[in-house]
Amino acid sequence: MIEQISTTDAPGAVGPYSQAIKVGDLLFVSGQLPIDPATSEFNSANAVEQAEQCLRNLQAIAKAAGTELSKTVKTTVLLTDLADFTDVNRVYASFFSTPTQHARATR
């Protein structure tokens, strides 16, 4: 069974897609922008603050689906400037318990 996941604690989809789709025990979450769901605006121009917002959005969607980030299998982090990698990585690590057991791509 396919179930659409939606929460007001993360920004709504801005096109013909869902925040997430749950299929059985699997959750497929759409990519997140650093949009504050309270204002529907980008939260900041700062990469660290943007990463925090994206991860809060992902966390809210996971919670709405009855799961948590610790059960993540795969993520992709997109950066416009790889000079921000270390700082963004620090934020990322704060949202995922150690040791993380999922795969990740960063570009």
# chains A, B, ... in the order shown; residues from 1 in each chain; ligands from 1

$ residues_around --residues "Val77 of chain A" --least-positions-apart "4" --cutoff "12 Å" --atoms "only C-alpha atoms" --output "VMD selection string"
chain A and resid 31 to 33 47 50 to 51 54 to 55 81 to 82 84 to 85 88 to 89 91 to 92 103 to 107

$ select_by_dssp --residues "chain A" --states "strand (DSSP E)" --output "ChimeraX atom specification"
/A:2-5,20-23,26-29,35-36,41-42,74-77,103-106

$ write_last_selection --atoms "N, CA and C atoms" --output "PDB file, in the first residue's frame"
ATOM      1  N   ILE A   2       0.507   2.227  -0.781  1.00  0.00           N
ATOM      2  CA  ILE A   2       1.231   3.493  -0.871  1.00  0.00           C
ATOM      3  C   ILE A   2       0.468   4.537  -0.064  1.00  0.00           C
ATOM      4  N   GLU A   3       1.196   5.218   0.838  1.00  0.00           N
ATOM      5  CA  GLU A   3       0.592   6.230   1.695  1.00  0.00           C
ATOM      6  C   GLU A   3       1.339   7.554   1.530  1.00  0.00           C
ATOM      7  N   GLN A   4       0.607   8.608   1.273  1.00  0.00           N
ATOM      8  CA  GLN A   4       1.198   9.937   1.186  1.00  0.00           C
ATOM      9  C   GLN A   4       1.405  10.474   2.593  1.00  0.00           C
ATOM     10  N   ILE A   5       2.596  11.022   2.858  1.00  0.00           N
ATOM     11  CA  ILE A   5       2.911  11.607   4.164  1.00  0.00           C
ATOM     12  C   ILE A   5       2.950  13.123   4.009  1.00  0.00           C
ATOM     13  N   ALA A  20       6.567  13.134   1.250  1.00  0.00           N
ATOM     14  CA  ALA A  20       7.108  11.777   1.350  1.00  0.00           C
ATOM     15  C   ALA A  20       6.033  10.773   0.958  1.00  0.00           C
ATOM     16  N   ILE A  21       6.502   9.598   0.606  1.00  0.00           N
ATOM     17  CA  ILE A  21       5.627   8.468   0.298  1.00  0.00           C
ATOM     18  C   ILE A  21       6.106   7.282   1.117  1.00  0.00           C
ATOM     19  N   LYS A  22       5.167   6.638   1.795  1.00  0.00           N
ATOM     20  CA  LYS A  22       5.479   5.443   2.578  1.00  0.00           C
ATOM     21  C   LYS A  22       4.941   4.239   1.829  1.00  0.00           C
ATOM     22  N   VAL A  23       5.820   3.269   1.613  1.00  0.00           N
ATOM     23  CA  VAL A  23       5.444   2.029   0.943  1.00  0.00           C
ATOM     24  C   VAL A  23       5.868   0.897   1.870  1.00  0.00           C
ATOM     25  N   LEU A  26       9.009   1.227   4.174  1.00  0.00           N
ATOM     26  CA  LEU A  26       9.974   2.151   3.584  1.00  0.00           C
ATOM     27  C   LEU A  26       9.367   3.540   3.426  1.00  0.00           C
ATOM     28  N   LEU A  27      10.184   4.548   3.692  1.00  0.00           N
ATOM     29  CA  LEU A  27       9.762   5.937   3.535  1.00  0.00           C
ATOM     30  C   LEU A  27      10.686   6.613   2.530  1.00  0.00           C
ATOM     31  N   PHE A  28      10.110   7.202   1.505  1.00  0.00           N
ATOM     32  CA  PHE A  28      10.855   7.925   0.483  1.00  0.00           C
ATOM     33  C   PHE A  28      10.523   9.408   0.635  1.00  0.00           C
ATOM     34  N   VAL A  29      11.506  10.202   1.066  1.00  0.00           N
ATOM     35  CA  VAL A  29      11.290  11.616   1.361  1.00  0.00           C
ATOM     36  C   VAL A  29      11.830  12.465   0.223  1.00  0.00           C
ATOM     37  N   ILE A  35      13.614  25.848   3.799  1.00  0.00           N
ATOM     38  CA  ILE A  35      12.412  26.675   3.938  1.00  0.00           C
ATOM     39  C   ILE A  35      11.828  26.470   5.333  1.00  0.00           C
ATOM     40  N   ASP A  36      11.600  27.578   6.020  1.00  0.00           N
ATOM     41  CA  ASP A  36      10.961  27.550   7.329  1.00  0.00           C
ATOM     42  C   ASP A  36       9.462  27.358   7.096  1.00  0.00           C
ATOM     43  N   GLU A  41       9.522  30.769   3.715  1.00  0.00           N
ATOM     44  CA  GLU A  41      10.671  31.474   3.144  1.00  0.00           C
ATOM     45  C   GLU A  41      11.960  30.737   3.481  1.00  0.00           C
ATOM     46  N   PHE A  42      12.997  30.934   2.651  1.00  0.00           N
ATOM     47  CA  PHE A  42      14.318  30.425   3.003  1.00  0.00           C
ATOM     48  C   PHE A  42      14.684  31.014   4.362  1.00  0.00           C
ATOM     49  N   LYS A  74      19.768   6.068   3.340  1.00  0.00           N
ATOM     50  CA  LYS A  74      20.592   6.795   2.365  1.00  0.00           C
ATOM     51  C   LYS A  74      20.196   8.259   2.332  1.00  0.00           C
ATOM     52  N   THR A  75      21.186   9.136   2.261  1.00  0.00           N
ATOM     53  CA  THR A  75      20.931  10.561   2.079  1.00  0.00           C
ATOM     54  C   THR A  75      21.837  11.105   0.982  1.00  0.00           C
ATOM     55  N   THR A  76      21.456  12.253   0.468  1.00  0.00           N
ATOM     56  CA  THR A  76      22.289  13.008  -0.459  1.00  0.00           C
ATOM     57  C   THR A  76      22.309  14.451   0.025  1.00  0.00           C
ATOM     58  N   VAL A  77      23.495  15.012   0.162  1.00  0.00           N
ATOM     59  CA  VAL A  77      23.662  16.397   0.580  1.00  0.00           C
ATOM     60  C   VAL A  77      24.231  17.166  -0.603  1.00  0.00           C
ATOM     61  N   ALA A 103      24.211   5.201   4.272  1.00  0.00           N
ATOM     62  CA  ALA A 103      25.080   5.679   3.194  1.00  0.00           C
ATOM     63  C   ALA A 103      24.761   7.138   2.918  1.00  0.00           C
ATOM     64  N   ARG A 104      25.750   7.877   2.425  1.00  0.00           N
ATOM     65  CA  ARG A 104      25.542   9.295   2.101  1.00  0.00           C
ATOM     66  C   ARG A 104      26.423   9.696   0.927  1.00  0.00           C
ATOM     67  N   ALA A 105      25.841  10.508   0.071  1.00  0.00           N
ATOM     68  CA  ALA A 105      26.619  11.146  -0.996  1.00  0.00           C
ATOM     69  C   ALA A 105      26.582  12.640  -0.747  1.00  0.00           C
ATOM     70  N   THR A 106      27.705  13.297  -0.987  1.00  0.00           N
ATOM     71  CA  THR A 106      27.770  14.754  -0.869  1.00  0.00           C
ATOM     72  C   THR A 106      28.406  15.296  -2.123  1.00  0.00           C
TER      73      THR A 106
END
